[in-house]
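See below for protein08.pdb, which holds PDB, C-alpha atoms.
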ATOM      1  CA  MET D  20     -12.696   6.791 -23.908
ATOM      2  CA  ARG D  21     -11.534   3.613 -22.269
ATOM      3  CA  SER D  22     -11.261   0.570 -24.483
ATOM      4  CA  PHE D  23     -13.893  -2.142 -24.255
ATOM      5  CA  CYS D  24     -11.280  -4.575 -22.938
ATOM      6  CA  ALA D  25     -10.222  -2.215 -20.154
ATOM      7  CA  ILE D  26     -13.831  -1.745 -19.048
ATOM      8  CA  CYS D  27     -14.400  -5.505 -19.082
ATOM      9  CA  PHE D  28     -11.230  -6.024 -17.028
ATOM     10  CA  LEU D  29     -12.439  -3.465 -14.488
ATOM     11  CA  LEU D  30     -15.826  -5.125 -14.116
ATOM     12  CA  LEU D  31     -14.360  -8.605 -13.887
ATOM     13  CA  THR D  32     -11.856  -7.463 -11.272
ATOM     14  CA  ILE D  33     -14.432  -5.795  -9.028
ATOM     15  CA  LEU D  34     -16.881  -8.684  -9.353
ATOM     16  CA  SER D  35     -14.286 -11.467  -9.129
ATOM     17  CA  GLY D  36     -14.339 -13.986  -6.322
ATOM     18  CA  CYS D  37     -17.441 -15.676  -4.938
ATOM     19  CA  ALA D  38     -20.457 -15.399  -7.193
ATOM     20  CA  ASP D  39     -22.659 -14.026  -4.395
ATOM     21  CA  ARG D  40     -20.192 -11.348  -3.341
ATOM     22  CA  LYS D  41     -18.910  -8.203  -4.892
ATOM     23  CA  TYR D  42     -16.704  -5.350  -3.831
ATOM     24  CA  THR D  43     -17.937  -1.791  -4.106
ATOM     25  CA  PRO D  44     -14.913   0.532  -3.843
ATOM     26  CA  ARG D  45     -15.279   3.381  -1.363
ATOM     27  CA  ASN D  46     -13.247   6.535  -0.915
ATOM     28  CA  GLY D  47     -10.605   5.823   1.695
ATOM     29  CA  ASP D  48     -10.503   2.050   1.354
ATOM     30  CA  LEU D  49      -7.003   0.595   1.337
ATOM     31  CA  LEU D  50      -5.723  -1.985  -1.128
ATOM     32  CA  PHE D  51      -2.951  -4.239   0.162
ATOM     33  CA  LYS D  52      -0.929  -5.967  -2.538
ATOM     34  CA  VAL D  53       0.731  -9.298  -1.765
ATOM     35  CA  ALA D  54       4.490  -9.564  -2.135
ATOM     36  CA  GLY D  55       5.680 -10.461  -5.600
ATOM     37  CA  GLU D  56       8.907 -11.979  -6.822
ATOM     38  CA  SER D  57      10.830  -8.716  -7.226
ATOM     39  CA  GLU D  58      13.770  -8.123  -4.919
ATOM     40  CA  PRO D  59      12.266  -5.022  -3.240
ATOM     41  CA  SER D  60       8.959  -6.831  -2.572
ATOM     42  CA  GLN D  61      10.714  -9.831  -1.081
ATOM     43  CA  ALA D  62      12.991  -7.650   1.061
ATOM     44  CA  ILE D  63      10.000  -5.768   2.483
ATOM     45  CA  ALA D  64       8.071  -8.966   3.174
ATOM     46  CA  ASP D  65      11.079 -10.740   4.698
ATOM     47  CA  ALA D  66      11.608  -7.870   7.133
ATOM     48  CA  THR D  67       7.993  -7.325   8.146
ATOM     49  CA  ALA D  68       6.008 -10.557   7.768
ATOM     50  CA  TRP D  69       8.037 -13.368   9.270
ATOM     51  CA  HIS D  70       5.104 -15.566  10.303
ATOM     52  CA  ASP D  71       2.306 -14.396   8.004
ATOM     53  CA  SER D  72       0.674 -16.721   5.484
ATOM     54  CA  VAL D  73      -0.190 -13.697   3.323
ATOM     55  CA  ARG D  74       2.661 -11.208   3.060
ATOM     56  CA  PHE D  75       2.053  -7.685   1.824
ATOM     57  CA  SER D  76       4.627  -5.431   0.202
ATOM     58  CA  HIS D  77       2.464  -2.482  -0.903
ATOM     59  CA  VAL D  78      -0.596  -0.461   0.108
ATOM     60  CA  ALA D  79      -2.602   2.084  -1.898
ATOM     61  CA  ILE D  80      -5.568   4.383  -1.291
ATOM     62  CA  VAL D  81      -8.881   3.945  -3.115
ATOM     63  CA  ALA D  82     -10.549   7.049  -4.548
ATOM     64  CA  THR D  83     -13.496   7.450  -6.882
ATOM     65  CA  GLU D  84     -14.391   9.960  -9.549
ATOM     66  CA  ASN D  85     -17.746   9.988 -11.334
ATOM     67  CA  GLY D  86     -18.414   6.562  -9.874
ATOM     68  CA  ARG D  87     -15.183   5.049 -11.194
ATOM     69  CA  PRO D  88     -12.435   3.877  -8.823
ATOM     70  CA  TYR D  89      -8.726   4.590  -9.084
ATOM     71  CA  VAL D  90      -5.871   4.511  -6.586
ATOM     72  CA  LEU D  91      -3.438   6.980  -5.106
ATOM     73  CA  GLU D  92      -0.125   5.374  -4.253
ATOM     74  CA  ALA D  93       3.572   5.888  -3.645
ATOM     75  CA  SER D  94       5.267   3.658  -6.194
ATOM     76  CA  GLY D  95       8.941   2.772  -6.291
ATOM     77  CA  LYS D  96       8.922   3.314 -10.050
ATOM     78  CA  ARG D  97       6.889   6.523 -10.306
ATOM     79  CA  GLY D  98       6.720   8.162  -6.898
ATOM     80  CA  VAL D  99       3.347   9.430  -5.664
ATOM     81  CA  THR D 100       0.882   8.967  -8.500
ATOM     82  CA  ARG D 101      -2.709   8.494  -9.493
ATOM     83  CA  THR D 102      -2.995   5.001 -10.974
ATOM     84  CA  GLU D 103      -5.905   3.652 -12.976
ATOM     85  CA  TRP D 104      -7.746   0.788 -11.290
ATOM     86  CA  GLU D 105      -7.117  -1.781 -13.997
ATOM     87  CA  ASP D 106      -3.425  -0.868 -14.150
ATOM     88  CA  PHE D 107      -3.059  -1.363 -10.405
ATOM     89  CA  MET D 108      -4.866  -4.700 -10.461
ATOM     90  CA  SER D 109      -3.031  -6.005 -13.506
ATOM     91  CA  SER D 110       0.313  -5.231 -11.835
ATOM     92  CA  ALA D 111      -0.488  -7.351  -8.769
ATOM     93  CA  PRO D 112       1.049 -10.815  -8.380
ATOM     94  CA  LEU D 113      -1.390 -13.571  -9.321
ATOM     95  CA  ILE D 114      -2.783 -16.056  -6.820
ATOM     96  CA  ASP D 115      -4.695 -18.889  -8.493
ATOM     97  CA  GLY D 116      -4.963 -16.680 -11.554
ATOM     98  CA  LYS D 117      -6.456 -13.724  -9.675
ATOM     99  CA  ALA D 118      -5.030 -10.419  -8.496
ATOM    100  CA  GLY D 119      -3.228 -10.774  -5.163
ATOM    101  CA  VAL D 120      -4.977  -7.816  -3.535
ATOM    102  CA  VAL D 121      -6.941  -7.449  -0.292
ATOM    103  CA  ALA D 122      -9.325  -4.525   0.281
ATOM    104  CA  MET D 123      -9.622  -3.168   3.827
ATOM    105  CA  ARG D 124     -11.792  -0.422   5.309
ATOM    106  CA  VAL D 125     -11.299   1.945   8.240
ATOM    107  CA  THR D 126     -13.889   1.304  10.967
ATOM    108  CA  VAL D 127     -13.483   4.510  12.991
ATOM    109  CA  ASP D 128     -14.702   8.011  12.210
ATOM    110  CA  PHE D 129     -12.462  10.026   9.931
ATOM    111  CA  SER D 130     -12.856  12.092   6.783
ATOM    112  CA  ALA D 131     -12.002   9.976   3.747
ATOM    113  CA  ASP D 132     -12.377  13.038   1.526
ATOM    114  CA  GLU D 133      -9.768  14.918   3.548
ATOM    115  CA  ALA D 134      -7.425  11.906   3.452
ATOM    116  CA  ILE D 135      -7.722  11.778  -0.327
ATOM    117  CA  ALA D 136      -7.195  15.539  -0.606
ATOM    118  CA  ARG D 137      -4.013  15.231   1.466
ATOM    119  CA  ALA D 138      -2.800  12.358  -0.718
ATOM    120  CA  LYS D 139      -3.425  14.402  -3.858
ATOM    121  CA  GLY D 140      -1.313  17.144  -2.299
ATOM    122  CA  HIS D 141       1.652  14.752  -2.427
ATOM    123  CA  LEU D 142       1.243  13.876  -6.109
ATOM    124  CA  GLY D 143       4.530  14.189  -7.946
ATOM    125  CA  GLU D 144       6.732  13.595  -4.912
ATOM    126  CA  GLU D 145       9.557  11.091  -5.271
ATOM    127  CA  TYR D 146       9.450   7.640  -3.736
ATOM    128  CA  ASP D 147      11.206   7.621  -0.368
ATOM    129  CA  TRP D 148      13.901   4.983  -0.758
ATOM    130  CA  SER D 149      15.527   6.406   2.394
ATOM    131  CA  TYR D 150      12.470   5.503   4.519
ATOM    132  CA  TYR D 151      12.958   8.563   6.686
ATOM    133  CA  PRO D 152      10.053  10.769   7.848
ATOM    134  CA  ASN D 153       9.535  14.391   6.854
ATOM    135  CA  ASN D 154      12.002  14.466   3.966
ATOM    136  CA  GLY D 155       9.662  15.559   1.183
ATOM    137  CA  LYS D 156       9.393  12.026  -0.213
ATOM    138  CA  MET D 157       6.927   9.204   0.422
ATOM    139  CA  TYR D 158       6.921   5.409   0.594
ATOM    140  CA  CYS D 159       3.609   3.596   0.279
ATOM    141  CA  SER D 160       2.522   3.141   3.894
ATOM    142  CA  GLU D 161       4.004   6.514   4.829
ATOM    143  CA  LEU D 162       1.553   8.146   2.412
ATOM    144  CA  VAL D 163      -1.343   6.432   4.190
ATOM    145  CA  TYR D 164       0.046   7.255   7.627
ATOM    146  CA  GLU D 165       0.451  10.941   6.818
ATOM    147  CA  CYS D 166      -2.914  11.352   5.104
ATOM    148  CA  PHE D 167      -5.282   9.366   7.328
ATOM    149  CA  ARG D 168      -5.946  11.497  10.412
ATOM    150  CA  ARG D 169      -8.577  11.991  13.068
ATOM    151  CA  GLU D 170     -10.491  15.235  13.399
ATOM    152  CA  ASN D 171      -7.893  16.538  15.860
ATOM    153  CA  GLY D 172      -5.099  15.885  13.354
ATOM    154  CA  THR D 173      -3.520  12.829  14.991
ATOM    155  CA  PRO D 174      -2.673   9.896  12.671
ATOM    156  CA  LEU D 175      -5.080   6.973  12.571
ATOM    157  CA  PHE D 176      -2.239   4.498  12.185
ATOM    158  CA  THR D 177       0.717   3.648  14.405
ATOM    159  CA  ALA D 178       4.366   4.309  13.676
ATOM    160  CA  LYS D 179       6.909   2.044  15.357
ATOM    161  CA  PRO D 180      10.655   1.358  15.131
ATOM    162  CA  MET D 181      11.383  -0.105  11.709
ATOM    163  CA  ASN D 182      13.117  -3.410  11.120
ATOM    164  CA  PHE D 183      14.995  -4.262   7.935
ATOM    165  CA  ARG D 184      16.387  -7.656   8.997
ATOM    166  CA  ASP D 185      14.955 -11.004   8.000
ATOM    167  CA  SER D 186      13.621 -13.650  10.379
ATOM    168  CA  LYS D 187      17.187 -14.936  10.987
ATOM    169  CA  GLY D 188      18.390 -11.495  12.015
ATOM    170  CA  ASP D 189      20.432 -11.032   8.829
ATOM    171  CA  MET D 190      20.430  -7.852   6.792
ATOM    172  CA  PRO D 191      19.362  -8.738   3.231
ATOM    173  CA  LYS D 192      21.732  -7.852   0.419
ATOM    174  CA  PHE D 193      19.077  -5.623  -1.152
ATOM    175  CA  TRP D 194      19.053  -3.204   1.796
ATOM    176  CA  VAL D 195      22.828  -3.197   2.168
ATOM    177  CA  GLU D 196      23.381  -2.339  -1.491
ATOM    178  CA  LEU D 197      20.531   0.186  -1.606
ATOM    179  CA  PHE D 198      21.764   2.260   1.325
ATOM    180  CA  GLU D 199      25.378   2.010   0.213
ATOM    181  CA  LYS D 200      24.266   3.477  -3.107
ATOM    182  CA  LEU D 201      22.344   6.221  -1.302
ATOM    183  CA  GLY D 202      25.301   6.911   0.966
ATOM    184  CA  GLU D 203      23.033   6.718   3.996
ATOM    185  CA  PRO D 204      22.801   4.457   7.034
ATOM    186  CA  ILE D 205      20.066   1.830   7.072
ATOM    187  CA  PRO D 206      17.301   3.434   9.196
ATOM    188  CA  GLU D 207      16.992   0.442  11.509
ATOM    189  CA  GLY D 208      14.970   1.522  14.558
ATOM    190  CA  VAL D 209      13.738   4.780  13.023
ATOM    191  CA  GLU D 210       9.985   5.153  13.531
ATOM    192  CA  GLY D 211       7.969   4.312  10.452
ATOM    193  CA  THR D 212       5.335   2.029   8.990
ATOM    194  CA  ASN D 213       4.996  -0.929   6.647
ATOM    195  CA  PRO D 214       2.086  -2.586   4.820
ATOM    196  CA  ASN D 215       2.085  -5.754   6.937
ATOM    197  CA  ASP D 216       1.855  -4.007  10.303
ATOM    198  CA  MET D 217      -0.668  -1.540   8.900
ATOM    199  CA  SER D 218      -2.917  -4.356   7.661
ATOM    200  CA  LYS D 219      -3.156  -5.679  11.242
ATOM    201  CA  GLU D 220      -4.249  -2.393  12.815
ATOM    202  CA  PRO D 221      -7.496  -2.852  14.809
ATOM    203  CA  ILE D 222      -9.126   0.105  13.019
ATOM    204  CA  LEU D 223      -9.133  -1.879   9.748
ATOM    205  CA  THR D 224     -11.461  -4.642   8.663
ATOM    206  CA  GLU D 225     -11.038  -6.799   5.579
ATOM    207  CA  VAL D 226     -13.912  -6.316   3.154
ATOM    208  CA  TYR D 227     -12.767  -8.273   0.093
ATOM    209  CA  ARG D 228     -10.108 -10.578  -1.293
ATOM    210  CA  PHE D 229      -9.658 -10.595  -5.011
ATOM    211  CA  PHE D 230      -8.107 -14.085  -4.914
TER     212      PHE D 230
END

For the structure just supplied, provide its representation as C-alpha cells.
Amino acid sequence: MRSFCAICFLLLTILSGCADRKYTPRNGDLLFKVAGESEPSQAIADATAWHDSVRFSHVAIVATENGRPYVLEASGKRGVTRTEWEDFMSSAPLIDGKAGVVAMRVTVDFSADEAIARAKGHLGEEYDWSYYPNNGKMYCSELVYECFRRENGTPLFTAKPMNFRDSKGDMPKFWVELFEKLGEPIPEGVEGTNPNDMSKEPILTEVYRFF
C-alpha cells in the first residue's frame, strides 16, 4: 500500500497549477521534462534547443493501471523502466517550486495501447549512450519514436540528422569525453530524435504544464 504522503503528492501533482484546471493522465500522453543542472541534461539542451525559452532534456510515456498513472521511460541511470508517477515528478527540476514537466497529447489516430505494449517489450534494455538506432538499447525519445506508430506501422514522429554541437558550433566536453570512453565516434549526422524536436511535432498538442 502506498504511503499517505505519496498519495497526497500524487494528487497535488496532478491537480497543481491553475485552480480551475486539472490534468487527467491518458494512456499514450507524453511527459516532457525540462533540462536540469546535470551535465547530460545541459549537453542535450545545448545541442537541441538553442533558441527555446523552455528546453527539454527528457521525454516519457504515460500509462495507467487501475486508474493510476505511471510512466515508461528510458533513463540514463536505469535503462528502460516503469517509473512510479510521484517518483518521476519528484525527480523533475523545479520551476517556481513546481515540477518542470509539460504534458502533451497525440492528435492523430493511433493505438495508445499498442504503443504502451511495445514500450513494455523494451523493459530492461540498457540506456543507449551511443545514440545509434537498432542496437538493442534505447534513449528516451528513441523509445517514443519506436513505439508510437500508425496502423500501417510507420512511425508517428520524425527522425532527422542529429546534432551534438552547441549554438556556437563547439562540441561540448561532455560528448567528447563520453564517446572517447565508449571508443566510438560521435554520431553527428546520424538520423535520430531528441525531446526538443519531438515536442514541436505538429501531431502533438500541449495539454498541461505543471509549473

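Applied to the file shown here, the PyMOL selection byres ((chain D and resi 164-174) around 9) selects Gly47, Val127, Asp128, Phe129, Ser130, Ala131, Glu133, Ala134, Ile135, Ala136, Arg137, Ala138, Cys159, Ser160, Glu161, Leu162, Val163, Leu175, Phe176, Thr177, Ala178, Gly211, Thr212 and Met217 of chain D.
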
- [ ] Point out the residue among D:Pro44, D:Gly188, D:Pro152, D:Gly140 with the least atom-to-atom distance to Thr100 in chain D, counting only C-alpha atoms.
- [x] D:Gly140

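Taking only C-alpha atoms into account, Arg97 in chain D lies nearest to D:Tyr146 out of the set D:Phe51, D:Tyr42, D:Tyr146, D:Tyr227.
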
Task: Separation of CA of Gly55 in chain D from CA of Leu201 in chain D in Å - done: 24.0 Å

- [ ] For CA of Ala118 in chain D and CA of Lys96 in chain D, quote the distance in Å rounded to one decimal.
- [x] 19.6 Å

Open item on the list: Please report the interatomic distance between CA of Asp65 in chain D and CA of Asp185 in chain D in Å with one decimal.
Closed with: 5.1 Å

TODO: Tell me which of D:Leu223, D:Val209, D:Met123, D:Leu142 sits closest to Met157 in chain D, counting all atoms listed in the file.
DONE: D:Leu142

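Minimum atom-to-atom distance to Pro221 in chain D, evaluated using only C-alpha atoms, belongs to D:Thr126 out of D:Thr102, D:Thr126, D:Ser110, D:Ser57.
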
TODO: Give the answer as one residue: which of D:Ala62, D:Met108, D:Met190, D:Ile80 has the shortest atom-to-atom distance to Phe229 in chain D, using all atoms listed in the file?
DONE: D:Met108

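If only C-alpha atoms are the atoms counted, then among D:Val125, D:Ala54, D:Val73, D:Leu49 the closest residue to Ile222 in chain D is D:Val125.
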
Open item on the list: List the spatial neighbours of Arg74 in chain D as JSON, numbers by chain - criterion: any atom at most 12 Å away, all atoms listed in the file, same-chain residues fewer than 3 positions off excluded.
Closed with: {"D": [51, 52, 53, 54, 55, 56, 60, 61, 62, 63, 64, 65, 66, 67, 68, 69, 70, 71, 77, 78, 112, 119, 120, 121, 213, 214, 215, 216, 217, 218, 219]}

Based on the selection just made, write C-alpha atoms of those residues as a PDB file, in the coordinates of the input.
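Output contents, as saved in result.pdb:
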ATOM      1  CA  PHE D  51      -2.951  -4.239   0.162  1.00  0.00           C
ATOM      2  CA  LYS D  52      -0.929  -5.967  -2.538  1.00  0.00           C
ATOM      3  CA  VAL D  53       0.731  -9.298  -1.765  1.00  0.00           C
ATOM      4  CA  ALA D  54       4.490  -9.564  -2.135  1.00  0.00           C
ATOM      5  CA  GLY D  55       5.680 -10.461  -5.600  1.00  0.00           C
ATOM      6  CA  GLU D  56       8.907 -11.979  -6.822  1.00  0.00           C
ATOM      7  CA  SER D  60       8.959  -6.831  -2.572  1.00  0.00           C
ATOM      8  CA  GLN D  61      10.714  -9.831  -1.081  1.00  0.00           C
ATOM      9  CA  ALA D  62      12.991  -7.650   1.061  1.00  0.00           C
ATOM     10  CA  ILE D  63      10.000  -5.768   2.483  1.00  0.00           C
ATOM     11  CA  ALA D  64       8.071  -8.966   3.174  1.00  0.00           C
ATOM     12  CA  ASP D  65      11.079 -10.740   4.698  1.00  0.00           C
ATOM     13  CA  ALA D  66      11.608  -7.870   7.133  1.00  0.00           C
ATOM     14  CA  THR D  67       7.993  -7.325   8.146  1.00  0.00           C
ATOM     15  CA  ALA D  68       6.008 -10.557   7.768  1.00  0.00           C
ATOM     16  CA  TRP D  69       8.037 -13.368   9.270  1.00  0.00           C
ATOM     17  CA  HIS D  70       5.104 -15.566  10.303  1.00  0.00           C
ATOM     18  CA  ASP D  71       2.306 -14.396   8.004  1.00  0.00           C
ATOM     19  CA  HIS D  77       2.464  -2.482  -0.903  1.00  0.00           C
ATOM     20  CA  VAL D  78      -0.596  -0.461   0.108  1.00  0.00           C
ATOM     21  CA  PRO D 112       1.049 -10.815  -8.380  1.00  0.00           C
ATOM     22  CA  GLY D 119      -3.228 -10.774  -5.163  1.00  0.00           C
ATOM     23  CA  VAL D 120      -4.977  -7.816  -3.535  1.00  0.00           C
ATOM     24  CA  VAL D 121      -6.941  -7.449  -0.292  1.00  0.00           C
ATOM     25  CA  ASN D 213       4.996  -0.929   6.647  1.00  0.00           C
ATOM     26  CA  PRO D 214       2.086  -2.586   4.820  1.00  0.00           C
ATOM     27  CA  ASN D 215       2.085  -5.754   6.937  1.00  0.00           C
ATOM     28  CA  ASP D 216       1.855  -4.007  10.303  1.00  0.00           C
ATOM     29  CA  MET D 217      -0.668  -1.540   8.900  1.00  0.00           C
ATOM     30  CA  SER D 218      -2.917  -4.356   7.661  1.00  0.00           C
ATOM     31  CA  LYS D 219      -3.156  -5.679  11.242  1.00  0.00           C
TER      32      LYS D 219
END
